[in-house]
Structures are given as C-alpha cells and as structure tokens.
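Visitor: So here's protein-v8.txt, just compact mmCIF, C-alpha atoms:
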# COMPACT_ATOMS: atom_id res chain seq x y z
CA MET S 1066 19.87 115.01 86.80
CA LYS S 1067 19.46 115.05 83.06
CA VAL S 1068 20.60 112.70 80.32
CA LYS S 1069 20.36 113.93 76.75
CA SER S 1070 21.13 112.18 73.53
CA LEU S 1071 22.44 114.15 70.58
CA GLU S 1072 19.34 113.28 68.59
CA ASP S 1073 17.25 115.03 71.30
CA VAL S 1074 19.04 118.34 70.72
CA LEU S 1075 18.22 120.12 67.50
CA PRO S 1076 21.13 121.76 65.71
CA GLU S 1077 20.95 125.52 65.16
CA ASN S 1078 22.65 127.47 62.41
CA TYR S 1079 25.38 129.38 64.21
CA ALA S 1080 27.25 130.80 61.25
CA GLU S 1081 27.72 129.88 57.60
CA GLY S 1082 28.65 126.21 57.59
CA VAL S 1083 28.60 125.97 61.39
CA GLN S 1084 25.97 124.15 63.42
CA LYS S 1085 25.63 124.41 67.17
CA ARG S 1086 23.80 122.18 69.62
CA GLN S 1087 23.16 123.48 73.13
CA LEU S 1088 23.96 120.35 75.11
CA ILE S 1089 23.95 121.64 78.69
CA HIS S 1090 22.65 125.13 79.25
CA LYS S 1091 21.71 127.56 81.99
CA LYS S 1092 18.10 126.55 81.51
CA ASP S 1093 19.10 123.00 82.49
CA GLY S 1094 20.32 124.47 85.78
CA ALA S 1095 23.96 124.71 84.68
CA GLU S 1096 25.00 128.08 86.06
CA ASN S 1097 28.70 127.59 85.68
CA PHE S 1098 29.52 126.14 82.31
CA TYR S 1099 27.79 125.94 78.95
CA MET S 1100 28.42 122.77 76.98
CA ARG S 1101 27.86 123.08 73.25
CA LEU S 1102 28.60 120.82 70.32
CA PHE S 1103 29.82 122.54 67.17
CA VAL S 1104 30.02 120.95 63.75
CA VAL S 1105 32.07 123.03 61.33
CA ASP S 1106 31.92 122.21 57.65
CA GLN S 1107 35.26 122.02 55.90
CA ARG S 1108 34.16 124.88 53.61
CA ALA S 1109 32.88 127.17 56.38
CA PRO S 1110 34.58 130.59 56.41
CA PHE S 1111 37.01 130.96 59.30
CA PRO S 1112 35.57 133.09 62.09
CA PRO S 1113 37.33 136.42 62.60
CA PRO S 1114 39.66 136.60 65.61
CA HIS S 1115 37.59 137.58 68.64
CA SER S 1116 37.58 137.58 72.42
CA HIS S 1117 35.00 137.48 75.21
CA PRO S 1118 34.98 137.40 78.99
CA TRP S 1119 34.29 133.65 79.17
CA GLU S 1120 36.87 130.96 78.68
CA HIS S 1121 36.78 128.06 76.23
CA GLU S 1122 37.43 124.51 77.30
CA ILE S 1123 37.25 122.50 74.13
CA TYR S 1124 37.46 118.77 73.53
CA VAL S 1125 38.01 117.91 69.87
CA LEU S 1126 35.78 115.01 68.89
CA GLU S 1127 36.69 114.83 65.20
CA GLY S 1128 38.93 116.63 62.74
CA GLN S 1129 41.89 118.91 63.01
CA GLY S 1130 42.92 122.51 62.55
CA ILE S 1131 44.90 125.45 63.80
CA VAL S 1132 44.09 127.66 66.75
CA VAL S 1133 45.52 131.16 66.95
CA GLY S 1134 45.96 132.89 70.30
CA ASP S 1135 48.14 135.52 71.91
CA ASP S 1136 51.17 133.27 71.63
CA GLY S 1137 50.77 132.34 67.99
CA GLU S 1138 49.43 129.35 66.11
CA LYS S 1139 49.07 125.83 67.46
CA PRO S 1140 47.84 122.77 65.59
CA PHE S 1141 45.19 120.52 67.12
CA LYS S 1142 43.62 117.19 66.24
CA SER S 1143 40.91 114.81 67.33
CA GLY S 1144 41.24 113.91 71.02
CA ASP S 1145 43.08 117.13 71.93
CA VAL S 1146 41.85 119.71 74.38
CA ILE S 1147 42.13 123.46 73.92
CA PHE S 1148 41.98 125.98 76.73
CA ILE S 1149 41.48 129.62 75.86
CA PRO S 1150 41.49 131.89 78.91
CA PRO S 1151 38.93 134.67 79.36
CA ASN S 1152 39.50 137.72 77.12
CA GLU S 1153 42.27 136.13 75.06
CA ARG S 1154 41.85 136.93 71.39
CA HIS S 1155 41.50 133.67 69.45
CA GLN S 1156 40.59 132.12 66.13
CA LEU S 1157 39.84 128.49 65.33
CA MET S 1158 40.55 127.38 61.77
CA GLN S 1159 39.38 123.95 60.68
CA GLN S 1160 41.22 121.75 58.22
CA GLY S 1161 38.40 119.53 57.02
CA THR S 1162 35.19 118.92 58.91
CA LEU S 1163 35.49 119.60 62.62
CA ARG S 1164 33.37 118.47 65.57
CA PHE S 1165 34.08 119.73 69.06
CA ILE S 1166 32.47 120.40 72.40
CA MET R 811 46.02 129.42 75.09
CA LYS R 812 46.94 125.78 75.57
CA VAL R 813 46.57 122.75 73.35
CA LYS R 814 47.12 119.35 74.95
CA SER R 815 47.08 115.92 73.42
CA LEU R 816 45.90 112.96 75.48
CA GLU R 817 49.35 111.42 75.24
CA ASP R 818 50.76 114.53 76.98
CA VAL R 819 48.60 113.95 80.05
CA LEU R 820 49.57 111.02 82.24
CA PRO R 821 46.72 108.94 83.62
CA GLU R 822 46.41 108.72 87.40
CA ASN R 823 44.83 105.90 89.35
CA TYR R 824 41.62 107.41 90.67
CA ALA R 825 39.97 104.31 92.12
CA GLU R 826 40.16 100.57 91.52
CA GLY R 827 39.81 100.13 87.76
CA VAL R 828 39.38 103.86 87.16
CA GLN R 829 41.95 106.13 85.53
CA LYS R 830 41.71 109.89 85.47
CA ARG R 831 43.49 112.43 83.29
CA GLN R 832 43.45 116.08 84.31
CA LEU R 833 42.85 117.68 80.93
CA ILE R 834 42.18 121.31 81.86
CA HIS R 835 42.86 122.31 85.42
CA LYS R 836 43.03 125.33 87.69
CA LYS R 837 46.79 125.32 87.22
CA ASP R 838 46.21 125.88 83.50
CA GLY R 839 44.34 129.05 84.47
CA ALA R 840 40.88 127.46 84.30
CA GLU R 841 39.17 128.89 87.35
CA ASN R 842 35.67 127.93 86.41
CA PHE R 843 35.54 124.36 85.18
CA TYR R 844 37.75 121.31 85.56
CA MET R 845 37.86 119.02 82.53
CA ARG R 846 38.88 115.47 83.27
CA LEU R 847 38.90 112.29 81.21
CA PHE R 848 37.88 109.13 83.04
CA VAL R 849 38.42 105.61 81.78
CA VAL R 850 36.43 103.07 83.78
CA ASP R 851 37.22 99.39 83.35
CA GLN R 852 34.21 97.17 82.88
CA ARG R 853 35.16 95.28 86.06
CA ALA R 854 35.69 98.37 88.23
CA PRO R 855 33.51 98.41 91.35
CA PHE R 856 30.66 100.93 91.10
CA PRO R 857 31.36 104.04 93.14
CA PRO R 858 29.07 104.54 96.12
CA PRO R 859 26.34 107.17 95.68
CA HIS R 860 27.80 110.52 96.66
CA SER R 861 27.29 114.27 96.30
CA HIS R 862 29.44 117.40 96.28
CA PRO R 863 28.96 121.13 95.81
CA TRP R 864 30.16 121.13 92.20
CA GLU R 865 28.11 120.04 89.25
CA HIS R 866 28.98 117.42 86.63
CA GLU R 867 28.75 118.12 82.93
CA ILE R 868 29.66 114.87 81.29
CA TYR R 869 30.10 113.95 77.65
CA VAL R 870 30.21 110.19 77.09
CA LEU R 871 32.97 109.34 74.62
CA GLU R 872 32.62 105.56 74.69
CA GLY R 873 30.50 102.95 76.39
CA GLN R 874 27.20 102.93 78.20
CA GLY R 875 25.73 102.59 81.65
CA ILE R 876 23.15 103.74 84.16
CA VAL R 877 23.22 106.96 86.15
CA VAL R 878 21.25 107.19 89.37
CA GLY R 879 20.10 110.55 90.71
CA ASP R 880 17.33 112.01 92.84
CA ASP R 881 14.76 111.11 90.21
CA GLY R 882 15.77 107.49 89.70
CA GLU R 883 17.82 105.63 87.13
CA LYS R 884 18.52 106.75 83.58
CA PRO R 885 20.44 104.87 80.92
CA PHE R 886 23.16 106.59 78.94
CA LYS R 887 25.32 105.72 75.96
CA SER R 888 28.19 107.03 73.87
CA GLY R 889 27.49 110.53 72.57
CA ASP R 890 25.07 111.40 75.41
CA VAL R 891 25.55 114.21 77.87
CA ILE R 892 24.76 113.98 81.59
CA PHE R 893 24.14 116.98 83.80
CA ILE R 894 24.21 116.46 87.56
CA PRO R 895 23.43 119.65 89.50
CA PRO R 896 25.45 120.68 92.54
CA ASN R 897 24.73 118.62 95.68
CA GLU R 898 22.55 116.05 93.94
CA ARG R 899 23.34 112.54 95.14
CA HIS R 900 24.44 110.45 92.18
CA GLN R 901 26.03 107.21 91.09
CA LEU R 902 27.44 106.24 87.70
CA MET R 903 27.42 102.55 86.86
CA GLN R 904 29.22 101.40 83.74
CA GLN R 905 28.09 98.53 81.55
CA GLY R 906 31.35 97.61 79.86
CA THR R 907 34.32 99.90 79.53
CA LEU R 908 33.41 103.56 79.79
CA ARG R 909 35.24 106.71 78.68
CA PHE R 910 33.88 110.14 79.49
CA ILE R 911 34.89 113.72 80.07
Please lay out the structure from this file as structure tokens.
Guide:
Amino acid sequence: MKVKSLEDVLPENYAEGVQKRQLIHKKDGAENFYMRLFVVDQRAPFPPPHSHPWEHEIYVLEGQGIVVGDDGEKPFKSGDVIFIPPNERHQLMQQGTLRFI
Amino acid sequence: MKVKSLEDVLPENYAEGVQKRQLIHKKDGAENFYMRLFVVDQRAPFPPPHSHPWEHEIYVLEGQGIVVGDDGEKPFKSGDVIFIPPNERHQLMQQGTLRFI
C-alpha cells in the first residue's frame, strides 16, 4: 500500500505548457491503470487529435474545455468525468487552466 | 466518448453513511478500470478490513483519514493518492467527511 502526496511527485514537462505528474505507475505495482495528473496552462497549444490502444478515464479537478471524439464535440467542466474508449481519436481543448487526472 | 457530470449520476447507498456514484463503468465500455466516487459521512462506521482481487487507485478529493494495509497505518489527506495492490488487506478510516474517487 502506498500513499503519495502531490508534493512528493515532481512534475515533468509533457508538452509546451503541459505538466504531468505520475501519481500511480506500473513501478508502484499498478499493472492495470496509470493515474496521472495533468496541469494544462491556458495558453498551451491544443494537442493534435490522436488515438492509442489504451482508454482514458478522466476526472476533471479544475477548469473546463471541449473534448472532441468520434461523435463530435462535447463540453466539460470541473467535476465531470470523461471516458474515451481505446483507439478512439480524441482531442482535449482547454478553456483556461485545466487540471485533471 | 462520454462526458458525465456528477449531477447526471445518481448516488447509491453503498453502506451506512456511505454513498457511491458509478462514474465510469463496464457498461460505458470501460473494461479495464471502474471509476467510482464515494462520499463517506464523518459518522459512518469504519468498514471492516477486507481484500479483493482488484486493486484500488484512489484520489482523495476532500477530507482526510488513515489507511491500514499490510505495512501498517498511513495518514492521508485531500489531494493524496492511495494505491492498494490486488489482494492486500486494507481498511480506510475517515476523519471527518471524506470524498474520493
């Protein structure tokens, strides 16, 4: 069993204006799911649409934006969850600073 | 792709003083990880120590408490993450109202 505080986990530069913290990782013994915390600056360039074989299960801690998937655009806000199935092409666009896991 | 707001997901009574919301579930197409939101009342009885074949990857949204695992007791607070490996006996004890996913 592990307990980690955010201040124990150093942020890494993930992309321009985007920081990532690896909260719970394979090296913690988590074989099944990888929990990360992203902080996206309001001025960060939007990522290009992309897809990958793993799913996203996102909880929005702070901020709001638009997520684009196969079925169009959907708005999201703090407290919402976003599920993106494996291999679905997606794009997350922040409106202001965004924090999510 | 799905976006859900908390107000779209009805809380269920999970145990005395404990409400659960099924945020992202197998029926959403999430085969790999089950995201739930628990709200534990400060007066809720502590759950008995227990174990199961699935792991826990917890993000603490609000509150604090003590988690007991194979290697003893560890305190946790809002913003912390808790990883409990599969089959490890564990017990989560809130100190005040607790919200976590």
Visitor: Between S:Lys1142, S:Lys1092, S:His1117, S:Lys1085, which residue has the minimum interatomic distance to chain R, considering all atoms listed in the file?
Guide: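 Counting all atoms listed in the file, the residue closest to chain R is S:Lys1142.
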Visitor: Work out how far CA of Ile834 (chain R) is from CA of Pro896 (chain R), in Å to one decimal.
Guide: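 Pair CA of Pro896 (chain R) / CA of Ile834 (chain R) returns 19.9 Å.
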Visitor: Enumerate as an MDAnalysis selection string the residues belonging to chain R that approach chain S to within 10 Å, with all atoms listed in the file taken into account.
Guide: chainID R and resid 811:818 833:835 838:845 864:871 877:896 898:900 911
Visitor: If I take CA of Glu1081 (chain S) and CA of Leu1163 (chain S), how far is one from the other in Å, to one decimal?
Guide: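 Between CA of Glu1081 (chain S) and CA of Leu1163 (chain S) the gap works out to 13.8 Å.
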Visitor: Could you please determine the separation between CA of Asp1106 (chain S) and CA of Gln1129 (chain S) in Å, to one decimal place?
Guide: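 Calculated distance between CA of Asp1106 (chain S) and CA of Gln1129 (chain S) is 11.8 Å.
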Visitor: Using only C-alpha atoms, which residue out of S:Gly1128, S:Pro1118, S:Phe1111, S:Leu1075 lies closest to Gln1156 (chain S)?
Guide: S:Phe1111
Visitor: Mind checking which residues fall within 7 Å of Gln905 (chain R), counting all atoms listed in the file, ignoring those fewer than 2 positions away in the same chain, and posting them as a ChimeraX atom specification?
Guide: /R:852,874-875,903,907
Visitor: Find the residue from S:His1115, S:Arg1108, S:Arg1164, S:Arg1101 that sits nearest to Gln1087 (chain S); use all atoms listed in the file when measuring.
Guide: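 Closest residue, counting all atoms listed in the file: S:Arg1101.
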Visitor: Near Ala825 (chain R), within 10 Å and counting only C-alpha atoms, which residues show up once chain neighbours fewer than 4 positions away are dropped, as JSON, numbers by chain?
Guide: {"R": [829, 830, 850, 854, 855, 856, 857]}
